[in-house]
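Asker: Provided herewith: run-v8.cif, mmCIF, C-alpha atoms (C1' of nucleotides).
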data_data
#
loop_
_atom_site.label_atom_id
_atom_site.label_comp_id
_atom_site.auth_asym_id
_atom_site.auth_seq_id
_atom_site.Cartn_x
_atom_site.Cartn_y
_atom_site.Cartn_z
CA MET A 1 107.22 113.56 84.54
CA LEU A 2 106.93 113.67 88.29
CA ASP A 3 110.69 113.62 88.48
CA ARG A 4 110.69 117.26 87.53
CA LEU A 5 108.79 118.13 90.71
CA GLY A 6 111.66 116.80 92.75
CA ASP A 7 114.03 119.39 91.40
CA ARG A 8 113.71 121.37 94.61
CA TRP A 9 113.12 124.68 92.83
CA THR A 10 110.46 123.61 90.36
CA VAL A 11 107.65 123.63 92.90
CA LEU A 12 108.62 127.05 94.18
CA VAL A 13 108.74 128.49 90.67
CA LEU A 14 105.36 127.01 89.81
CA VAL A 15 103.77 128.37 92.98
CA GLU A 16 105.19 131.83 92.32
CA LEU A 17 104.03 131.83 88.70
CA SER A 18 100.57 130.70 89.78
CA LYS A 19 100.22 134.19 91.28
CA GLY A 20 100.75 135.78 87.90
CA THR A 21 103.26 136.70 85.21
CA ARG A 22 106.76 137.29 86.53
CA ARG A 23 110.05 138.57 85.15
CA PHE A 24 113.36 136.84 85.70
CA ARG A 25 114.50 139.10 88.50
CA GLU A 26 111.09 139.01 90.14
CA LEU A 27 111.26 135.23 90.34
CA GLU A 28 114.79 135.41 91.67
CA ARG A 29 113.79 137.79 94.43
CA ALA A 30 110.60 135.88 95.25
CA ILE A 31 112.47 132.62 95.76
CA PRO A 32 115.04 133.06 98.50
CA GLY A 33 118.20 131.08 98.00
CA ILE A 34 117.82 130.28 94.31
CA SER A 35 120.82 131.03 92.14
CA GLN A 36 120.60 132.54 88.68
CA ARG A 37 121.86 129.31 87.27
CA MET A 38 119.16 127.17 88.86
CA LEU A 39 116.42 129.63 88.05
CA SER A 40 117.53 129.67 84.45
CA LEU A 41 117.73 125.89 84.26
CA THR A 42 114.43 125.35 86.05
CA ALA A 43 112.62 127.87 83.85
CA LYS A 44 114.08 126.37 80.71
CA ARG A 45 112.96 122.87 81.63
CA LEU A 46 109.46 124.07 82.45
CA CYS A 47 109.31 125.84 79.10
CA ARG A 48 110.45 122.69 77.37
CA ASP A 49 107.73 120.70 79.12
CA GLY A 50 105.14 123.16 77.89
CA VAL A 51 103.94 124.27 81.32
CA VAL A 52 105.58 127.70 81.19
CA GLU A 53 105.69 130.22 78.38
CA ARG A 54 108.38 132.84 77.88
CA THR A 55 107.99 136.18 76.17
CA VAL A 56 111.07 138.22 75.37
CA TYR A 57 110.89 141.98 74.84
CA PRO A 58 113.99 143.20 72.98
CA THR A 59 114.20 146.42 74.93
CA THR A 60 117.26 147.86 76.64
CA PRO A 61 117.65 146.51 79.18
CA PRO A 62 116.02 143.33 77.95
CA GLN A 63 112.91 142.01 79.63
CA THR A 64 111.53 138.51 79.78
CA ASP A 65 108.11 137.52 81.07
CA TYR A 66 107.29 134.07 82.34
CA ARG A 67 103.76 132.81 82.74
CA LEU A 68 101.97 129.49 83.08
CA THR A 69 100.34 127.86 80.12
CA PRO A 70 96.86 126.34 80.58
CA MET A 71 98.53 123.00 81.24
CA GLY A 72 100.83 124.74 83.70
CA GLU A 73 97.85 126.23 85.50
CA SER A 74 96.32 122.85 86.12
CA LEU A 75 99.65 121.48 87.34
CA ALA A 76 100.22 124.47 89.59
CA GLY A 77 96.79 123.90 91.09
CA MET A 78 97.72 120.42 92.20
CA VAL A 79 101.11 121.53 93.42
CA SER A 80 99.53 124.31 95.44
CA ALA A 81 97.20 121.76 97.02
CA LEU A 82 100.25 119.73 98.00
CA ALA A 83 101.91 122.82 99.41
CA ASP A 84 98.79 123.53 101.46
CA TRP A 85 98.80 119.98 102.72
CA SER A 86 102.41 120.25 103.82
CA ARG A 87 101.63 123.45 105.71
CA GLU A 88 98.64 121.88 107.46
CA ASN A 89 100.55 118.76 108.42
CA LYS A 90 103.86 120.44 109.18
CA ASP A 91 103.42 120.14 112.93
CA ALA A 92 102.23 116.54 112.80
CA ILE A 93 105.22 115.55 110.69
CA GLY A 94 107.60 117.39 112.97
CA ALA A 95 106.10 115.60 115.96
CA ALA A 96 106.38 112.25 114.23
CA ARG A 97 110.02 112.89 113.44
CA SER A 98 110.78 113.92 117.01
CA ARG A 99 109.13 110.80 118.34
CA TRP A 100 110.95 108.59 115.83
CA ASP A 101 114.31 110.20 116.58
CA ARG A 102 113.75 109.80 120.32
CA GLU A 103 112.74 106.16 120.05
CA HIS A 104 115.63 105.37 117.73
CA GLN A 105 118.07 107.39 119.84
CA MET B 1 108.38 118.55 103.41
CA LEU B 2 107.83 118.55 99.69
CA ASP B 3 111.49 117.72 99.25
CA ARG B 4 110.69 114.15 100.18
CA LEU B 5 108.38 113.82 97.19
CA GLY B 6 111.27 114.49 94.89
CA ASP B 7 113.09 111.37 96.00
CA ARG B 8 111.99 109.58 92.84
CA TRP B 9 110.96 106.43 94.74
CA THR B 10 108.83 108.05 97.41
CA VAL B 11 105.94 108.71 95.08
CA LEU B 12 106.01 105.17 93.74
CA VAL B 13 106.04 103.68 97.23
CA LEU B 14 103.15 105.88 98.34
CA VAL B 15 101.08 104.96 95.29
CA GLU B 16 101.72 101.26 95.85
CA LEU B 17 100.85 101.46 99.54
CA SER B 18 97.67 103.36 98.72
CA LYS B 19 96.44 100.06 97.24
CA GLY B 20 96.82 98.33 100.58
CA THR B 21 99.25 96.83 103.07
CA ARG B 22 102.44 95.51 101.49
CA ARG B 23 105.44 93.48 102.61
CA PHE B 24 109.01 94.45 101.84
CA ARG B 25 109.40 92.04 98.95
CA GLU B 26 105.99 92.92 97.56
CA LEU B 27 107.00 96.55 97.36
CA GLU B 28 110.30 95.61 95.78
CA ARG B 29 108.58 93.57 93.09
CA ALA B 30 105.86 96.15 92.52
CA ILE B 31 108.39 98.93 91.88
CA PRO B 32 110.62 97.95 88.96
CA GLY B 33 114.15 99.19 89.24
CA ILE B 34 114.22 99.97 92.94
CA SER B 35 117.10 98.51 94.89
CA GLN B 36 116.81 97.01 98.35
CA ARG B 37 118.86 99.85 99.64
CA MET B 38 116.63 102.58 98.23
CA LEU B 39 113.44 100.82 99.27
CA SER B 40 114.79 100.46 102.77
CA LEU B 41 115.85 104.10 102.95
CA THR B 42 112.64 105.39 101.40
CA ALA B 43 110.46 103.32 103.71
CA LYS B 44 112.45 104.37 106.74
CA ARG B 45 112.08 108.06 105.90
CA LEU B 46 108.35 107.70 105.36
CA CYS B 47 108.04 105.93 108.71
CA ARG B 48 109.98 108.72 110.36
CA ASP B 49 107.66 111.30 108.83
CA GLY B 50 104.66 109.47 110.25
CA VAL B 51 103.01 108.71 106.93
CA VAL B 52 103.84 105.01 106.91
CA GLU B 53 103.61 102.46 109.71
CA ARG B 54 105.67 99.30 110.00
CA THR B 55 104.65 96.09 111.74
CA VAL B 56 107.22 93.37 112.30
CA TYR B 57 106.24 89.74 112.85
CA PRO B 58 109.11 87.79 114.44
CA THR B 59 108.40 84.65 112.46
CA THR B 60 110.84 82.58 110.43
CA PRO B 61 111.36 83.84 107.90
CA PRO B 62 110.67 87.31 109.27
CA GLN B 63 107.79 89.34 107.89
CA THR B 64 107.26 93.08 107.86
CA ASP B 65 104.08 94.84 106.84
CA TYR B 66 103.99 98.43 105.64
CA ARG B 67 100.82 100.46 105.51
CA LEU B 68 99.82 104.10 105.30
CA THR B 69 98.81 106.01 108.41
CA PRO B 70 95.72 108.26 108.20
CA MET B 71 98.04 111.16 107.43
CA GLY B 72 99.71 109.01 104.80
CA GLU B 73 96.33 108.24 103.23
CA SER B 74 95.58 111.90 102.72
CA LEU B 75 99.03 112.50 101.26
CA ALA B 76 98.77 109.49 98.99
CA GLY B 77 95.45 110.84 97.73
CA MET B 78 97.08 114.04 96.53
CA VAL B 79 100.05 112.20 95.11
CA SER B 80 97.76 109.87 93.19
CA ALA B 81 96.01 112.88 91.75
CA LEU B 82 99.36 114.15 90.56
CA ALA B 83 100.20 110.77 89.08
CA ASP B 84 96.87 110.78 87.24
CA TRP B 85 97.61 114.26 85.94
CA SER B 86 100.98 113.18 84.62
CA ARG B 87 99.37 110.25 82.82
CA GLU B 88 96.71 112.45 81.27
CA ASN B 89 99.20 115.06 80.14
CA LYS B 90 101.98 112.68 79.20
CA ASP B 91 101.34 113.05 75.49
CA ALA B 92 101.00 116.82 75.64
CA ILE B 93 104.28 117.12 77.51
CA GLY B 94 106.00 114.79 75.09
CA ALA B 95 104.74 116.86 72.19
CA ALA B 96 105.90 120.06 73.83
CA ARG B 97 109.35 118.62 74.37
CA SER B 98 109.58 117.42 70.78
CA ARG B 99 108.58 120.84 69.52
CA TRP B 100 111.04 122.57 71.84
CA ASP B 101 113.86 120.25 70.87
CA ARG B 102 113.14 120.75 67.18
CA GLU B 103 112.99 124.54 67.45
CA HIS B 104 116.14 124.66 69.53
CA GLN B 105 117.88 122.11 67.31
"C1'" DC C 1 118.63 142.75 82.97
"C1'" DT C 2 118.78 138.10 81.34
"C1'" DG C 3 121.00 134.68 80.80
"C1'" DC C 4 125.06 130.87 79.34
"C1'" DA C 5 129.79 128.51 80.24
"C1'" DT C 6 132.96 126.56 83.28
"C1'" DC C 7 134.80 124.58 87.32
"C1'" DC C 8 134.28 122.22 91.55
"C1'" DG C 9 132.62 120.06 95.95
"C1'" DC C 10 129.08 117.44 97.95
"C1'" DT C 11 125.28 114.62 98.10
"C1'" DT C 12 123.14 110.71 96.35
"C1'" DA C 13 121.98 106.50 93.95
"C1'" DG C 14 123.43 102.06 92.37
"C1'" DA C 15 126.05 97.69 92.67
"C1'" DT C 16 127.60 94.34 95.46
"C1'" DA C 17 128.30 91.61 99.36
"C1'" DC C 18 126.99 90.36 103.82
"C1'" DT C 19 123.98 89.57 108.41
"C1'" DG C 20 120.02 87.90 111.29
"C1'" DC D 1 112.71 87.35 103.94
"C1'" DA D 2 114.28 91.79 105.48
"C1'" DG D 3 117.39 94.50 105.75
"C1'" DT D 4 122.62 96.75 106.54
"C1'" DA D 5 127.58 98.05 105.09
"C1'" DT D 6 130.82 99.64 101.89
"C1'" DC D 7 132.49 101.46 97.70
"C1'" DT D 8 132.22 104.05 93.60
"C1'" DA D 9 130.38 107.03 89.96
"C1'" DA D 10 127.25 110.35 88.47
"C1'" DG D 11 124.47 114.39 89.01
"C1'" DC D 12 123.22 118.48 91.18
"C1'" DG D 13 123.79 122.81 92.89
"C1'" DG D 14 126.80 126.95 94.08
"C1'" DA D 15 130.21 130.43 92.75
"C1'" DT D 16 132.27 132.97 89.40
"C1'" DG D 17 133.02 135.15 85.06
"C1'" DC D 18 131.40 136.58 80.66
"C1'" DA D 19 128.00 137.95 76.81
"C1'" DG D 20 124.01 140.06 74.44
#
Can you give me the file's structure in the form of structure tokens?
Answerer:
Amino acid sequence: MLDRLGDRWTVLVLVELSKGTRRFRELERAIPGISQRMLSLTAKRLCRDGVVERTVYPTTPPQTDYRLTPMGESLAGMVSALADWSRENKDAIGAARSRWDREHQ
Amino acid sequence: MLDRLGDRWTVLVLVELSKGTRRFRELERAIPGISQRMLSLTAKRLCRDGVVERTVYPTTPPQTDYRLTPMGESLAGMVSALADWSRENKDAIGAARSRWDREHQ
DNA sequence: CTGCATCCGCTTAGATACTG
DNA sequence: CAGTATCTAAGCGGATGCAG
């Protein structure tokens, strides 16, 4: 299950959806660098896992809303905590890497 | 920073080290399926990031102890929480996948 | 707008063999 | 025991084109 979190985009999608319901294009714009393909794949997998729910409105142009399920909310909470941790320890990790790289030439 | 957590083995190594100091072989045995190569690479990266510390005893045969740094402890705490979550929601996710697969044939 | 299909290059993991 | 070196195969992600 944790494998999914390593998909590079999954965490970013979860964090964005934790802020509220988003459409496909909104997610794409909110996540710099993600391609349509990866957003589509990531969203599909999250839907399959039952942490994200998709609602399609058959309008023209079509519209699709993505939002977290209750299970997704709880997961996003933990992921956000991890994201906070990484921000807080960003400098310490950078320093550790610099030291390591210097000592190992 | 979160990228590292997606390395598939990183989480397992962190969880194992959260139980206490471990030697190379102990980690290898405790993590089914990991190869020497991946354990070596994973451990090295964690050392570089400053979350794991390595102590080498120049005995024969050689011995190396791995243990979490204080920063590593805090990270391992969050990772363990995620691991617990995945265990608790394992069934729900499995059910969601089965339902999804059935509906999407 | 919201995707899926295809092709392709690159990274990565795994297997294996070898060193100190 | 504690790694490193090399090779190979698979998977992932990006770009592009097309469809509803």
Asker: So that I can see what lies close to DA17 (chain C), please list as a list in words the residues with an atom at most 10 Å from it, counting only C-alpha atoms (C1' of nucleotides) and leaving out residues fewer than 2 positions away in the same chain.
Answerer: DA15 of chain C; DA5 and DT6 of chain D
Asker: With a cut-off of 12 Å and counting all atoms listed in the file, select all residues of chain A in contact with chain D and give the selection as a VMD selection string.
Answerer: chain A and resid 6 to 9 33 to 39 41 to 42 58 to 62
Asker: Based on only C-alpha atoms, which of the residues in chain B come within 7 Å of chain A? I want them as a list in words.
Answerer: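 Applying the cut-off to the listed atoms yields Met1, Asp3, Leu5, Gly6, Asp7, Arg8, Arg48, Asp49, Gly50, Met78, Leu82, Ser86, Ile93, Ala96, Arg97 and Trp100 of chain B.
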Asker: Please evaluate the PyMOL selection byres ((chain C) within 12 of (chain A)) against the displayed coordinates and give the resulting residues as a ChimeraX atom specification.
Answerer: /C:1-5
Asker: Rounded to one decimal place, report the CA of Tyr57 (chain A)-CA of Val13 (chain A) distance in Å.
Answerer: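 Straight-line distance from CA of Tyr57 (chain A) to CA of Val13 (chain A) works out to 20.9 Å.
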Asker: Output requested as an mmCIF file, in the coordinates of the input - region 50-71 of chain A, filled out with N, CA and C atoms.
Answerer:
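Written file, result.cif:
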data_model
loop_
_atom_site.group_PDB
_atom_site.id
_atom_site.type_symbol
_atom_site.label_atom_id
_atom_site.label_comp_id
_atom_site.auth_asym_id
_atom_site.auth_seq_id
_atom_site.Cartn_x
_atom_site.Cartn_y
_atom_site.Cartn_z
ATOM 1 N N GLY A 50 106.387 122.549 78.334
ATOM 2 C CA GLY A 50 105.140 123.160 77.890
ATOM 3 C C GLY A 50 104.239 123.620 79.018
ATOM 4 N N VAL A 51 104.778 123.792 80.209
ATOM 5 C CA VAL A 51 103.940 124.270 81.320
ATOM 6 C C VAL A 51 104.202 125.751 81.606
ATOM 7 N N VAL A 52 105.272 126.280 81.033
ATOM 8 C CA VAL A 52 105.580 127.700 81.190
ATOM 9 C C VAL A 52 105.890 128.279 79.821
ATOM 10 N N GLU A 53 105.475 129.534 79.649
ATOM 11 C CA GLU A 53 105.690 130.220 78.380
ATOM 12 C C GLU A 53 106.551 131.443 78.622
ATOM 13 N N ARG A 54 107.462 131.703 77.718
ATOM 14 C CA ARG A 54 108.380 132.840 77.880
ATOM 15 C C ARG A 54 108.179 133.845 76.767
ATOM 16 N N THR A 55 108.109 135.107 77.143
ATOM 17 C CA THR A 55 107.990 136.180 76.170
ATOM 18 C C THR A 55 109.149 137.148 76.359
ATOM 19 N N VAL A 56 109.899 137.346 75.288
ATOM 20 C CA VAL A 56 111.070 138.220 75.370
ATOM 21 C C VAL A 56 110.767 139.554 74.701
ATOM 22 N N TYR A 57 111.024 140.656 75.420
ATOM 23 C CA TYR A 57 110.890 141.980 74.840
ATOM 24 C C TYR A 57 112.286 142.529 74.592
ATOM 25 N N PRO A 58 112.625 142.770 73.331
ATOM 26 C CA PRO A 58 113.990 143.200 72.980
ATOM 27 C C PRO A 58 114.228 144.664 73.290
ATOM 28 N N THR A 59 113.948 145.047 74.516
ATOM 29 C CA THR A 59 114.200 146.420 74.930
ATOM 30 C C THR A 59 115.591 146.520 75.517
ATOM 31 N N THR A 60 115.995 147.699 75.921
ATOM 32 C CA THR A 60 117.260 147.860 76.640
ATOM 33 C C THR A 60 116.982 148.592 77.941
ATOM 34 N N PRO A 61 117.176 147.888 79.057
ATOM 35 C CA PRO A 61 117.650 146.510 79.180
ATOM 36 C C PRO A 61 116.569 145.517 78.772
ATOM 37 N N PRO A 62 116.978 144.343 78.389
ATOM 38 C CA PRO A 62 116.020 143.330 77.950
ATOM 39 C C PRO A 62 115.062 142.935 79.055
ATOM 40 N N GLN A 63 113.905 142.437 78.658
ATOM 41 C CA GLN A 63 112.910 142.010 79.630
ATOM 42 C C GLN A 63 112.301 140.692 79.173
ATOM 43 N N THR A 64 112.111 139.807 80.106
ATOM 44 C CA THR A 64 111.530 138.510 79.780
ATOM 45 C C THR A 64 110.408 138.193 80.758
ATOM 46 N N ASP A 65 109.253 137.875 80.221
ATOM 47 C CA ASP A 65 108.110 137.520 81.070
ATOM 48 C C ASP A 65 107.881 136.018 81.046
ATOM 49 N N TYR A 66 107.637 135.479 82.216
ATOM 50 C CA TYR A 66 107.290 134.070 82.340
ATOM 51 C C TYR A 66 105.855 133.973 82.837
ATOM 52 N N ARG A 67 105.108 133.037 82.233
ATOM 53 C CA ARG A 67 103.760 132.810 82.740
ATOM 54 C C ARG A 67 103.366 131.363 82.452
ATOM 55 N N LEU A 68 102.413 130.863 83.239
ATOM 56 C CA LEU A 68 101.970 129.490 83.080
ATOM 57 C C LEU A 68 101.119 129.330 81.841
ATOM 58 N N THR A 69 101.273 128.210 81.178
ATOM 59 C CA THR A 69 100.340 127.860 80.120
ATOM 60 C C THR A 69 99.109 127.244 80.774
ATOM 61 N N PRO A 70 98.039 127.015 79.992
ATOM 62 C CA PRO A 70 96.860 126.340 80.580
ATOM 63 C C PRO A 70 97.232 125.028 81.269
ATOM 64 N N MET A 71 98.097 124.257 80.621
ATOM 65 C CA MET A 71 98.530 123.000 81.240
ATOM 66 C C MET A 71 99.300 123.296 82.527
#
